[in-house]
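S.K.: Sharing target_35.txt (compact mmCIF, C-alpha atoms and all ligand atoms) below.
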```txt
# COMPACT_ATOMS: atom_id res chain seq x y z
CA MET A 19 24.88 32.10 -37.96
CA SER A 20 24.38 31.84 -34.21
CA LEU A 21 21.31 31.47 -32.07
CA VAL A 22 21.03 33.84 -29.12
CA VAL A 23 18.56 32.92 -26.38
CA LYS A 24 18.07 35.84 -24.03
CA ASN A 25 16.16 36.95 -20.94
CA GLY A 26 15.80 33.49 -19.45
CA LYS A 27 16.10 32.39 -15.83
CA THR A 28 17.96 29.38 -14.55
CA VAL A 29 18.03 27.56 -11.23
CA VAL A 30 20.96 28.39 -8.95
CA GLU A 31 19.89 26.23 -6.03
CA GLY A 32 16.55 25.04 -4.62
CA ASN A 33 13.98 27.42 -6.09
CA GLN A 34 16.41 30.31 -6.43
CA LEU A 35 16.67 31.68 -9.96
CA LYS A 36 19.09 33.96 -11.77
CA ALA A 37 19.11 35.54 -15.20
CA ILE A 38 20.65 33.64 -18.09
CA ASN A 39 21.46 34.51 -21.69
CA LEU A 40 23.08 32.02 -24.05
CA LYS A 41 24.74 31.96 -27.43
CA ILE A 42 24.72 28.76 -29.48
CA GLU A 43 26.92 27.97 -32.47
CA ASP A 44 27.50 24.70 -34.35
CA GLY A 45 25.47 22.75 -31.81
CA LYS A 46 27.41 24.00 -28.79
CA ILE A 47 26.88 26.62 -26.12
CA VAL A 48 29.58 29.21 -26.85
CA ALA A 49 28.64 31.97 -24.40
CA VAL A 50 26.65 32.20 -21.16
CA SER A 51 25.96 35.38 -19.24
CA ASP A 52 23.74 36.60 -16.42
CA GLN A 53 23.68 40.01 -18.16
CA ASP A 54 22.00 40.93 -21.42
CA ASP A 55 25.44 41.52 -22.93
CA ILE A 56 25.83 38.73 -25.48
CA GLU A 57 26.97 40.09 -28.82
CA VAL A 58 24.46 39.70 -31.63
CA ALA A 59 25.87 39.75 -35.15
CA ASP A 60 23.94 40.45 -38.35
CA GLY A 61 22.02 37.35 -39.32
CA ASP A 62 21.96 35.83 -35.82
CA GLN A 63 18.62 34.49 -34.70
CA VAL A 64 17.48 35.93 -31.36
CA ILE A 65 14.80 34.36 -29.16
CA ASP A 66 13.57 36.49 -26.24
CA LEU A 67 12.36 34.23 -23.42
CA ALA A 68 10.74 37.01 -21.37
CA GLY A 69 11.75 35.47 -18.04
CA LYS A 70 10.97 31.80 -18.73
CA LEU A 71 12.91 28.95 -17.10
CA VAL A 72 15.94 27.59 -18.97
CA SER A 73 16.91 24.02 -18.08
CA PRO A 74 19.19 21.35 -19.45
CA SER A 75 16.84 19.31 -21.67
CA LEU A 76 15.09 16.27 -20.20
CA THR A 77 15.79 12.54 -20.63
CA ASP A 78 13.04 9.88 -20.43
CA VAL A 79 14.31 6.31 -20.19
CA HIS A 80 10.84 4.80 -20.66
CA VAL A 81 8.68 5.50 -23.71
CA HIS A 82 6.73 3.38 -26.21
CA PHE A 83 7.03 4.64 -29.79
CA ARG A 84 5.30 1.57 -31.31
CA GLU A 85 7.32 1.36 -34.53
CA PRO A 86 7.51 -1.12 -36.12
CA GLY A 87 4.21 -2.90 -35.66
CA PHE A 88 1.76 -0.50 -34.06
CA GLU A 89 2.10 2.70 -36.12
CA GLY A 90 -1.59 3.54 -35.61
CA LYS A 91 -0.75 4.39 -31.98
CA GLU A 92 2.58 6.20 -32.49
CA THR A 93 5.67 6.30 -34.71
CA ILE A 94 9.26 7.25 -34.10
CA LEU A 95 8.56 10.53 -35.93
CA THR A 96 5.42 11.46 -33.96
CA GLY A 97 6.78 10.13 -30.67
CA SER A 98 10.02 12.05 -30.97
CA LYS A 99 8.15 15.26 -31.90
CA ALA A 100 5.89 14.73 -28.88
CA ALA A 101 8.98 14.24 -26.70
CA ALA A 102 10.50 17.48 -28.04
CA ARG A 103 7.23 19.22 -27.12
CA GLY A 104 7.70 17.92 -23.58
CA GLY A 105 11.22 19.37 -23.28
CA TYR A 106 13.01 16.06 -23.91
CA THR A 107 16.01 15.63 -26.22
CA ARG A 108 16.76 12.03 -25.29
CA VAL A 109 14.39 9.10 -24.80
CA ALA A 110 14.77 5.35 -24.61
CA ALA A 111 12.14 3.36 -26.49
CA MET A 112 10.78 0.02 -25.31
CA PRO A 113 11.08 -3.09 -27.50
CA ASN A 114 7.51 -4.44 -27.22
CA LEU A 115 7.24 -4.04 -30.99
CA ASN A 116 6.31 -6.27 -33.91
CA PRO A 117 8.73 -7.67 -34.77
CA ALA A 118 10.55 -7.24 -31.45
CA PRO A 119 14.17 -6.12 -32.10
CA ASP A 120 15.57 -9.36 -30.68
CA THR A 121 18.31 -10.05 -33.27
CA PRO A 122 21.10 -7.77 -34.54
CA GLU A 123 19.26 -7.49 -37.90
CA LYS A 124 15.86 -6.62 -36.45
CA PHE A 125 17.52 -4.19 -34.06
CA GLN A 126 19.34 -2.48 -36.93
CA ALA A 127 16.05 -2.15 -38.84
CA VAL A 128 14.59 -0.06 -35.99
CA GLN A 129 17.82 1.90 -35.74
CA ASP A 130 17.50 2.76 -39.45
CA ILE A 131 14.03 4.26 -38.86
CA ILE A 132 15.39 6.22 -35.90
CA ASP A 133 18.29 7.55 -37.99
CA GLN A 134 15.86 8.69 -40.64
CA ASP A 135 12.91 10.03 -38.63
CA ALA A 136 13.78 10.96 -35.04
CA VAL A 137 13.95 14.69 -34.29
CA ILE A 138 15.76 14.08 -30.98
CA GLU A 139 18.02 11.30 -29.68
CA VAL A 140 16.08 8.03 -29.51
CA LEU A 141 17.82 5.05 -27.93
CA GLN A 142 16.20 1.72 -28.68
CA TYR A 143 16.11 -1.01 -26.01
CA ALA A 144 16.46 -4.63 -27.06
CA PRO A 145 14.52 -7.45 -25.40
CA ILE A 146 16.05 -9.74 -22.78
CA THR A 147 14.49 -12.82 -24.33
CA SER A 148 13.39 -13.69 -27.83
CA GLU A 149 9.94 -12.16 -28.61
CA LEU A 150 9.84 -10.99 -24.97
CA LYS A 151 8.86 -14.49 -23.94
CA SER A 152 10.60 -15.71 -20.87
CA ASP A 153 12.95 -18.40 -22.12
CA GLU A 154 15.57 -17.94 -24.87
CA LEU A 155 18.05 -15.11 -24.23
CA VAL A 156 18.86 -12.70 -27.06
CA ASP A 157 22.45 -12.44 -28.31
CA MET A 158 23.43 -9.61 -25.96
CA ALA A 159 27.01 -9.51 -27.19
CA HIS A 160 25.92 -8.72 -30.77
CA ILE A 161 22.91 -6.42 -30.31
CA ASP A 162 24.03 -2.81 -30.09
CA ALA A 163 21.50 -1.68 -27.46
CA PHE A 164 22.47 0.34 -24.37
CA ALA A 165 20.31 -1.93 -22.18
CA PHE A 166 17.97 -4.93 -22.31
CA THR A 167 14.36 -5.11 -21.13
CA ASN A 168 11.16 -7.11 -21.68
CA ASP A 169 8.98 -4.13 -20.68
CA GLY A 170 5.34 -5.02 -20.97
CA PHE A 171 6.14 -8.36 -19.35
CA GLY A 172 8.03 -9.60 -16.33
CA VAL A 173 10.71 -12.26 -16.76
CA GLN A 174 8.76 -15.13 -15.27
CA THR A 175 11.40 -17.52 -14.02
CA ALA A 176 14.28 -16.77 -11.69
CA GLY A 177 16.55 -19.05 -13.70
CA THR A 178 16.04 -17.08 -16.92
CA MET A 179 16.55 -13.79 -15.10
CA TYR A 180 19.69 -15.12 -13.43
CA LEU A 181 21.22 -16.15 -16.76
CA ALA A 182 20.16 -12.86 -18.38
CA MET A 183 21.75 -10.83 -15.60
CA GLN A 184 24.92 -12.88 -15.75
CA GLU A 185 25.26 -12.25 -19.50
CA ALA A 186 24.30 -8.56 -19.23
CA ALA A 187 26.94 -8.12 -16.52
CA ARG A 188 29.49 -9.84 -18.76
CA VAL A 189 28.80 -7.47 -21.67
CA GLY A 190 28.55 -4.48 -19.32
CA LYS A 191 24.90 -3.54 -19.99
CA PRO A 192 22.01 -2.90 -17.58
CA ILE A 193 18.95 -5.11 -17.21
CA VAL A 194 15.81 -2.93 -17.08
CA ALA A 195 12.81 -4.69 -15.63
CA HIS A 196 9.05 -4.53 -15.78
CA THR A 197 8.30 -6.56 -12.68
CA GLU A 198 5.13 -8.61 -12.68
CA ASP A 199 4.76 -12.20 -11.52
CA GLU A 200 2.02 -13.53 -13.81
CA SER A 201 1.26 -16.40 -11.43
CA LEU A 202 0.06 -13.66 -9.02
CA LEU A 203 -2.03 -11.81 -11.60
CA PHE A 204 -5.40 -13.62 -11.32
CA GLY A 205 -6.87 -11.66 -14.23
CA GLY A 206 -6.51 -8.31 -12.42
CA VAL A 207 -7.07 -5.02 -14.25
CA MET A 208 -6.96 -2.46 -11.39
CA HIS A 209 -5.18 -2.23 -8.02
CA GLU A 210 -6.51 -4.72 -5.46
CA GLY A 211 -7.76 -2.19 -2.93
CA ILE A 212 -10.86 -0.08 -2.42
CA LYS A 213 -11.92 1.02 -5.90
CA ASN A 214 -11.82 -2.35 -7.64
CA LYS A 215 -14.28 -3.68 -5.06
CA GLU A 216 -16.61 -0.71 -5.57
CA LEU A 217 -16.54 -1.23 -9.33
CA GLY A 218 -16.57 -5.03 -9.13
CA LEU A 219 -13.34 -5.41 -11.11
CA PRO A 220 -10.58 -8.01 -10.55
CA GLY A 221 -7.61 -6.58 -8.63
CA ILE A 222 -3.84 -6.62 -9.16
CA LEU A 223 -2.08 -7.39 -5.88
CA SER A 224 0.87 -5.26 -4.75
CA VAL A 225 2.94 -8.44 -4.33
CA THR A 226 2.55 -9.16 -8.05
CA GLU A 227 5.19 -6.44 -8.44
CA SER A 228 7.10 -6.37 -5.17
CA SER A 229 7.79 -10.12 -4.94
CA GLN A 230 9.52 -10.05 -8.33
CA ILE A 231 11.51 -6.95 -7.35
CA ALA A 232 12.68 -8.71 -4.19
CA ARG A 233 13.68 -11.78 -6.24
CA ASP A 234 15.54 -9.67 -8.78
CA ILE A 235 17.44 -7.62 -6.21
CA HIS A 236 18.85 -10.86 -4.81
CA LEU A 237 19.70 -12.01 -8.35
CA ALA A 238 21.36 -8.65 -9.06
CA GLU A 239 23.48 -9.11 -5.97
CA ALA A 240 24.45 -12.60 -7.07
CA THR A 241 25.38 -11.53 -10.61
CA GLY A 242 26.72 -7.99 -10.08
CA VAL A 243 24.56 -6.58 -12.89
CA HIS A 244 23.17 -3.04 -12.96
CA TYR A 245 19.49 -3.76 -12.36
CA HIS A 246 17.04 -0.91 -13.11
CA ILE A 247 13.36 -1.18 -12.19
CA CYS A 248 10.61 0.34 -14.35
CA HIS A 249 7.55 2.21 -13.05
CA VAL A 250 7.77 1.34 -9.34
CA SER A 251 4.28 1.53 -7.82
CA THR A 252 4.08 0.00 -4.34
CA GLU A 253 5.25 0.76 -0.80
CA ALA A 254 6.82 -2.70 -0.45
CA SER A 255 8.73 -2.23 -3.71
CA VAL A 256 10.20 1.04 -2.41
CA ALA A 257 11.22 -0.69 0.82
CA ALA A 258 12.92 -3.53 -1.08
CA ILE A 259 14.85 -1.06 -3.26
CA ARG A 260 15.87 1.03 -0.25
CA ASP A 261 17.18 -2.10 1.44
CA GLY A 262 19.01 -3.24 -1.70
CA LYS A 263 20.72 0.13 -2.07
CA ALA A 264 21.69 0.14 1.61
CA ARG A 265 23.37 -3.21 1.06
CA GLY A 266 25.40 -1.82 -1.84
CA ILE A 267 23.58 -3.69 -4.62
CA HIS A 268 23.59 -1.91 -7.99
CA VAL A 269 19.86 -1.28 -8.19
CA THR A 270 18.21 1.85 -9.60
CA ALA A 271 14.57 2.76 -10.12
CA GLU A 272 12.13 5.08 -11.84
CA VAL A 273 8.65 6.30 -10.97
CA ALA A 274 6.01 7.66 -13.36
CA PRO A 275 4.27 11.02 -12.80
CA HIS A 276 0.83 9.37 -12.75
CA HIS A 277 1.76 7.13 -9.83
CA LEU A 278 2.97 10.18 -7.87
CA ILE A 279 -0.01 12.40 -8.70
CA LEU A 280 -2.93 9.94 -8.60
CA ASN A 281 -4.07 6.96 -6.54
CA GLU A 282 -6.87 4.42 -6.95
CA LEU A 283 -9.39 6.79 -5.34
CA ASP A 284 -9.00 9.18 -8.28
CA ILE A 285 -10.56 6.61 -10.59
CA THR A 286 -14.07 7.93 -11.13
CA ASN A 287 -15.67 5.09 -13.05
CA ASP A 288 -14.92 2.12 -15.30
CA ASP A 289 -13.00 4.34 -17.73
CA ALA A 290 -9.80 2.94 -19.26
CA LYS A 291 -8.13 6.34 -19.35
CA PHE A 292 -7.19 5.37 -15.77
CA LYS A 293 -5.95 1.92 -16.81
CA MET A 294 -2.21 1.38 -16.84
CA ASN A 295 0.29 -1.23 -15.73
CA PRO A 296 1.22 -1.12 -12.93
CA PRO A 297 -2.12 0.29 -11.81
CA LEU A 298 -2.81 3.41 -9.76
CA ARG A 299 -2.19 2.10 -6.24
CA GLY A 300 -3.40 3.04 -2.76
CA GLU A 301 -2.80 6.29 -0.91
CA LYS A 302 -0.04 4.72 1.22
CA ASP A 303 1.75 3.53 -1.90
CA GLN A 304 1.52 6.98 -3.44
CA ALA A 305 3.02 8.53 -0.28
CA ALA A 306 5.81 5.92 -0.21
CA LEU A 307 6.72 6.68 -3.84
CA LEU A 308 7.10 10.37 -3.06
CA GLU A 309 9.16 9.58 0.04
CA GLY A 310 11.34 7.26 -2.07
CA LEU A 311 11.86 9.95 -4.67
CA LEU A 312 12.80 12.50 -2.01
CA ASP A 313 15.26 10.24 -0.16
CA GLY A 314 16.96 9.00 -3.36
CA THR A 315 15.63 5.43 -3.22
CA ILE A 316 13.91 6.21 -6.52
CA ASP A 317 16.46 7.76 -8.83
CA MET A 318 14.41 9.37 -11.56
CA ILE A 319 11.11 10.18 -13.19
CA ALA A 320 10.20 8.33 -16.39
CA THR A 321 6.86 8.75 -18.13
CA ASP A 322 6.11 5.24 -19.48
CA HIS A 323 4.47 7.13 -22.39
CA ALA A 324 2.17 4.34 -23.66
CA PRO A 325 0.00 5.48 -26.57
CA HIS A 326 -3.12 3.55 -27.57
CA THR A 327 -5.91 4.59 -29.95
CA ALA A 328 -9.21 6.03 -28.70
CA GLU A 329 -10.98 2.99 -30.16
CA GLU A 330 -8.77 0.57 -28.20
CA LYS A 331 -9.24 2.57 -25.01
CA SER A 332 -13.04 2.77 -25.30
CA LYS A 333 -13.70 -0.71 -23.92
CA GLY A 334 -13.56 -0.20 -20.17
CA PHE A 335 -11.11 -1.73 -17.69
CA LEU A 336 -11.80 -5.32 -18.67
CA HIS A 337 -11.15 -5.03 -22.40
CA SER A 338 -8.91 -1.99 -23.07
CA PRO A 339 -5.11 -2.19 -23.18
CA PHE A 340 -3.00 -0.94 -20.25
CA GLY A 341 -1.15 2.38 -20.65
CA ILE A 342 -1.40 6.18 -20.83
CA VAL A 343 0.52 8.84 -22.75
CA GLY A 344 2.63 11.29 -20.77
CA ILE A 345 5.63 12.71 -22.54
CA GLU A 346 4.12 16.06 -23.55
CA THR A 347 2.85 16.98 -20.09
CA ALA A 348 5.21 15.30 -17.58
CA PHE A 349 7.22 18.37 -16.60
CA ALA A 350 4.17 20.65 -16.28
CA LEU A 351 2.22 18.09 -14.24
CA MET A 352 5.18 17.49 -11.92
CA TYR A 353 5.85 21.21 -11.60
CA THR A 354 2.21 22.01 -10.85
CA HIS A 355 1.63 19.20 -8.35
CA PHE A 356 4.95 19.17 -6.54
CA VAL A 357 6.99 22.36 -7.07
CA LYS A 358 4.19 24.93 -6.97
CA THR A 359 2.94 23.21 -3.80
CA GLY A 360 6.38 23.35 -2.15
CA ILE A 361 6.92 19.58 -1.95
CA LEU A 362 9.85 19.44 -4.38
CA THR A 363 12.24 22.22 -5.34
CA LEU A 364 12.69 23.13 -8.95
CA GLU A 365 16.29 21.97 -8.60
CA THR A 366 15.17 18.51 -7.46
CA LEU A 367 12.61 18.23 -10.24
CA ILE A 368 15.23 19.05 -12.89
CA GLU A 369 17.64 16.67 -11.20
CA LYS A 370 15.09 13.81 -11.41
CA MET A 371 14.06 14.55 -15.01
CA ALA A 372 17.30 15.70 -16.65
CA ILE A 373 20.31 14.71 -14.57
CA THR A 374 19.87 11.32 -12.86
CA PRO A 375 18.29 9.68 -15.95
CA THR A 376 21.61 10.37 -17.67
CA SER A 377 24.10 9.75 -14.86
CA VAL A 378 22.52 6.41 -13.88
CA PHE A 379 22.97 5.04 -17.41
CA GLY A 380 26.30 6.71 -18.16
CA PHE A 381 24.96 9.12 -20.80
CA ASP A 382 26.41 12.63 -21.16
CA THR A 383 24.88 14.78 -18.45
CA PRO A 384 23.52 18.02 -19.88
CA THR A 385 24.68 21.36 -18.51
CA LEU A 386 24.21 25.00 -19.42
CA ALA A 387 27.96 25.66 -19.55
CA VAL A 388 30.21 27.03 -22.28
CA GLY A 389 31.44 24.13 -24.40
CA ALA A 390 28.50 21.86 -23.63
CA ASP A 391 26.16 20.48 -26.31
CA ALA A 392 23.26 22.89 -26.79
CA ASN A 393 20.51 20.60 -25.46
CA ILE A 394 18.13 22.99 -23.74
CA ALA A 395 14.51 23.10 -22.64
CA VAL A 396 12.57 26.25 -21.77
CA PHE A 397 9.49 26.09 -19.53
CA ASP A 398 6.83 28.74 -18.95
CA LEU A 399 6.21 28.66 -15.21
CA ASP A 400 3.83 31.63 -15.13
CA THR A 401 1.17 30.98 -17.75
CA ALA A 402 -1.77 28.68 -16.99
CA TYR A 403 -2.41 26.10 -19.71
CA THR A 404 -5.29 23.67 -19.97
CA ILE A 405 -4.13 20.30 -21.27
CA ASP A 406 -5.91 19.91 -24.60
CA PRO A 407 -5.65 16.74 -26.67
CA LYS A 408 -5.93 18.91 -29.81
CA ASP A 409 -2.44 20.25 -29.05
CA TYR A 410 -0.75 16.83 -28.83
CA LEU A 411 1.94 15.96 -31.33
CA SER A 412 1.58 12.33 -30.26
CA LYS A 413 -0.83 10.25 -32.34
CA SER A 414 -2.63 9.23 -29.16
CA THR A 415 -4.33 11.20 -26.40
CA ASN A 416 -5.10 8.53 -23.79
CA THR A 417 -4.57 10.12 -20.38
CA PRO A 418 -6.72 11.13 -17.42
CA PHE A 419 -4.95 14.52 -17.30
CA ASN A 420 -6.73 15.99 -20.34
CA GLY A 421 -8.62 19.11 -19.28
CA GLU A 422 -6.43 19.77 -16.24
CA THR A 423 -4.95 23.28 -15.91
CA VAL A 424 -1.21 23.32 -15.30
CA TYR A 425 1.82 25.61 -15.20
CA GLY A 426 5.25 24.83 -16.60
CA MET A 427 4.50 23.83 -20.18
CA CYS A 428 7.50 23.64 -22.47
CA ALA A 429 7.95 26.72 -24.65
CA LEU A 430 11.12 25.81 -26.56
CA THR A 431 13.37 22.78 -27.02
CA ILE A 432 16.81 22.94 -28.57
CA TYR A 433 18.61 19.74 -29.59
CA GLN A 434 22.22 19.98 -30.75
CA GLY A 435 21.74 23.68 -31.36
CA GLN A 436 18.59 23.29 -33.49
CA VAL A 437 15.11 24.36 -32.44
CA VAL A 438 13.11 21.09 -32.45
CA TYR A 439 10.03 22.50 -30.72
CA GLN A 440 8.71 26.02 -30.21
CA ALA A 441 5.26 26.76 -28.75
N1 LIG A 501 2.52 0.66 -18.98
C1 LIG A 501 1.49 0.18 -19.63
O1 LIG A 501 0.40 0.18 -19.09
N2 LIG A 501 1.59 -0.30 -20.89
C2 LIG A 501 2.77 -0.45 -21.66
C3 LIG A 501 3.57 -1.64 -21.26
C4 LIG A 501 4.36 -1.45 -19.99
O2 LIG A 501 4.97 -0.41 -19.76
O3 LIG A 501 4.41 -2.36 -19.18
C5 LIG A 501 2.41 -0.52 -23.14
O4 LIG A 501 3.24 -0.96 -23.95
O5 LIG A 501 1.30 -0.09 -23.49
ZN ZN A 502 6.08 -1.98 -18.02
ZN ZN A 503 6.37 0.71 -20.47
```
Spit out the file's structure as structure tokens when you get a sec.

M.R.:
Amino acid sequence: MSLVVKNGKTVVEGNQLKAINLKIEDGKIVAVSDQDDIEVADGDQVIDLAGKLVSPSLTDVHVHFREPGFEGKETILTGSKAAARGGYTRVAAMPNLNPAPDTPEKFQAVQDIIDQDAVIEVLQYAPITSELKSDELVDMAHIDAFAFTNDGFGVQTAGTMYLAMQEAARVGKPIVAHTEDESLLFGGVMHEGIKNKELGLPGILSVTESSQIARDIHLAEATGVHYHICHVSTEASVAAIRDGKARGIHVTAEVAPHHLILNELDITNDDAKFKMNPPLRGEKDQAALLEGLLDGTIDMIATDHAPHTAEEKSKGFLHSPFGIVGIETAFALMYTHFVKTGILTLETLIEKMAITPTSVFGFDTPTLAVGADANIAVFDLDTAYTIDPKDYLSKSTNTPFNGETVYGMCALTIYQGQVVYQA
């Protein structure tokens, strides 16, 4: 039995679309046509897309699925279903878990849950240091992760980071970094700018992030490692990355939709739905992130999907955990704020959400060509949708975007030829 997906549209270039019809068999795309001429045999399943956008499915290199240890917030099953609802068929999950997967055995235990429960491809990161504390390196040669990261925490000393990068370079794996110098934190919970003063809350300086990025870019140069930076949030960070790239250092970076769409002035009150790490920054930072995305300094969009329970998030900026969910709404929010407004083309958006997240890490790059794996996302660009927490497949609903009306919600996701989400 085959699956025929007809009457879609796909991007040719920029915002230019053309008709597309596809036939899928045994997990592969076996026919592609711009005419409605694909043969349908008895028993084939046919899905009529009525003009919706067909894209290679998305990849998110930064999610938190919380299993093992924090299953009340999310699990690999619920997180992967939520990702499928967002149009993703590949995600990379952060290792700030309990226990952290910092030995081959603990890593394999998470892999076993993924093998059993994940509805899409879930790649698990391993920590850089034991228990994500900044001293003892994990056994990088014997942990089967595609990359190492202490996300949630910065690596606090240059010496530890230097040794980690040296070893990662030796085993041919990237170092992925949450950059935060804790000696520059001073108890901050919100960007040190305008809003924290209005609300009387301790601020997080921009240099808390950018000084560690500058340090690490020099260390990456010295060690030759592929150094990838998580959730870049400040103007100075973008400048440091631009400079590093210009000097030929192997540095790559991601930005989260919330840092592109919002800034500190969007925070209405002491409500932790706006609390994430790094924080919503100033207007100049927001503009610099967009500029960095457009000029290629920032390679990709990653959601930093960080689920927390409503109870945990009810305690204001001082006492709630950092983080917001994002994987179910990232494409629609980006489409609504940047493509519909003419700032990004549809081609660029797909590039930053489906193509560069794969090419940067050496994963298979998805295409809509005959012979390719049938990993496909379909987005409805024409129907308005109000983001409703009741619709989430994630266990958690902590985001400031609930209630916002958007275009571009995912209508269908196909992973290895199987429908893993249908609206
Ligand atoms: N981004 C966040 O605010 N929180 C993340 C940790 C992280 O990504 O640093 C989390 O695990 O909740
Ligand atoms: Zn982080
Ligand atoms: Zn994170």

S.K.: Find the residues near ligand ZN 503 (chain A). Use a cut-off of 6 Å, count all atoms listed in the file, and write them as a PyMOL selection string.

M.R.: chain A and resi 169-170+322

S.K.: Let me have all residues with an atom within 10 Å of ligand LIG 501 (chain A), counting only C-alpha atoms and all ligand atoms, laid out as an NGL selection string.

M.R.: :A and (80-84 or 91 or 112-115 or 168-172 or 195-198 or 248-249 or 274 or 292-297 or 321-326 or 339-343)

S.K.: Smallest atom-to-atom distance to Met183 (chain A): which of A:Asp234, A:Asp409, A:Asp303, A:Asp54, using all atoms listed in the file?

M.R.: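 Distance minimum relative to Met183 (chain A) lands on A:Asp234.
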
S.K.: At what distance in Å, to one decimal, does CA of Val207 (chain A) lie from CA of Asn287 (chain A)?

M.R.: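 So the answer is 13.3 Å.
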
S.K.: List the residues sitting within 12 Å of (8.4, 20.0, -3.7) in the file's frame, using only C-alpha atoms, as a list in words.

M.R.: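 Checked against the point, the hits come out as Gly32, Asn33, Leu278, Leu308, Glu309, Leu311, Leu312, Met352, Tyr353, Thr354, His355, Phe356, Val357, Lys358, Thr359, Gly360, Ile361, Leu362, Thr363, Leu364, Glu365, Thr366, Leu367, Ile368 and Lys370 of chain A.
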
S.K.: Go ahead and compute the interatomic distance for CA of Glu185 (chain A) and CA of Ser229 (chain A), in Å to one decimal.

M.R.: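 These two atoms are separated by 22.8 Å.
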
S.K.: Between A:Val438, A:Leu219, A:Leu411, A:Ile146, single out the one closest to Ile394 (chain A), counting all atoms listed in the file.

M.R.: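 Of all the options, A:Val438 lies closest to Ile394 (chain A).
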
S.K.: Could you tell me how far CA of Asn39 (chain A) sits from CA of Gly26 (chain A), in Å to one decimal place?

M.R.: 6.2 Å

S.K.: At a cut-off of 8 Å from (20.3, -2.1, -18.4) in the coordinates of the file, what residues are picked up using all atoms listed in the file, written as a list in words?

M.R.: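 Using all atoms listed in the file, the matching residues come out as Phe164, Ala165, Phe166, Thr167, Ala186, Lys191, Pro192, Ile193, Val194, His244, Tyr245, His246 and Phe379 of chain A.
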
S.K.: Hey, which of A:Val173, A:Ala118, A:Leu280, A:Leu21 ends up closest to ligand ZN 502 (chain A)? Count all atoms listed in the file.

M.R.: A:Val173

S.K.: Quick one: of A:Phe381, A:Tyr180, A:Phe88, A:Tyr143, who's nearest to Gly242 (chain A), counting all atoms listed in the file?

M.R.: A:Tyr180

S.K.: If we count all atoms listed in the file and set the cut-off at 9 Å, which residues sit around Pro384 (chain A), ignoring sequence neighbours fewer than 2 positions away in its own chain? Please answer as a list of chain:residue names.

M.R.: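 The contact residues come out as A:Pro74, A:Ser75, A:Leu76, A:Ala372, A:Ile373, A:Thr376, A:Asp382, A:Leu386, A:Ala387, A:Ala390, A:Asp391, A:Ala392, A:Asn393, A:Ile394.
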
S.K.: Given the choices A:Gln126, A:Gln440, A:Asn416, A:Thr423, which gets closest to Leu67 (chain A) if the distance is worked out from all atoms listed in the file?

M.R.: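 Selected residue with least distance to Leu67 (chain A): A:Gln440.
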
S.K.: Residues at most 8 Å from Ser332 (chain A), counting all atoms listed in the file, excluding those fewer than 6 positions away in the same chain, as a ChimeraX atom specification?

M.R.: /A:289-290,338

S.K.: Nearest to Pro86 (chain A) among A:Val128, A:Ile319, A:Ile65, A:Val50, with distances taken over all atoms listed in the file: which residue is it?

M.R.: A:Val128

S.K.: Please provide as a list in words all residues within 6 Å of Thr315 (chain A), with the sequence filter that same-chain residues fewer than 2 positions apart are discarded (counting all atoms listed in the file).

M.R.: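 After dropping sequence-adjacent residues, the list is Arg260, Gly310 and Asp313 of chain A.
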
S.K.: Taking 6 positions as the minimum chain separation for residues in the same chain, which residues sit within 9 Å of Ala395 (chain A) when counting all atoms listed in the file? Answer as a ChimeraX atom specification.

M.R.: /A:71-76,102,104-107,428-433

S.K.: For the selection you just gave me, I'd like the residues written to a file as an mmCIF file, keeping the file's coordinate frame, keeping C-alpha atoms.

M.R.:
```cif
data_model
loop_
_atom_site.group_PDB
_atom_site.id
_atom_site.type_symbol
_atom_site.label_atom_id
_atom_site.label_comp_id
_atom_site.auth_asym_id
_atom_site.auth_seq_id
_atom_site.Cartn_x
_atom_site.Cartn_y
_atom_site.Cartn_z
ATOM 1 C CA LEU A 71 12.910 28.950 -17.100
ATOM 2 C CA VAL A 72 15.940 27.590 -18.970
ATOM 3 C CA SER A 73 16.910 24.020 -18.080
ATOM 4 C CA PRO A 74 19.190 21.350 -19.450
ATOM 5 C CA SER A 75 16.840 19.310 -21.670
ATOM 6 C CA LEU A 76 15.090 16.270 -20.200
ATOM 7 C CA ALA A 102 10.500 17.480 -28.040
ATOM 8 C CA GLY A 104 7.700 17.920 -23.580
ATOM 9 C CA GLY A 105 11.220 19.370 -23.280
ATOM 10 C CA TYR A 106 13.010 16.060 -23.910
ATOM 11 C CA THR A 107 16.010 15.630 -26.220
ATOM 12 C CA CYS A 428 7.500 23.640 -22.470
ATOM 13 C CA ALA A 429 7.950 26.720 -24.650
ATOM 14 C CA LEU A 430 11.120 25.810 -26.560
ATOM 15 C CA THR A 431 13.370 22.780 -27.020
ATOM 16 C CA ILE A 432 16.810 22.940 -28.570
ATOM 17 C CA TYR A 433 18.610 19.740 -29.590
#
```

S.K.: Please provide the set of residues having any atom within 7 Å of Asn25 (chain A), restricted to only C-alpha atoms, with same-chain residues fewer than 3 positions apart removed, written as a list in words.

M.R.: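 Listing them by chain and then by number gives Ala37, Ile38, Asn39, Asp66, Leu67, Ala68 and Gly69 of chain A.
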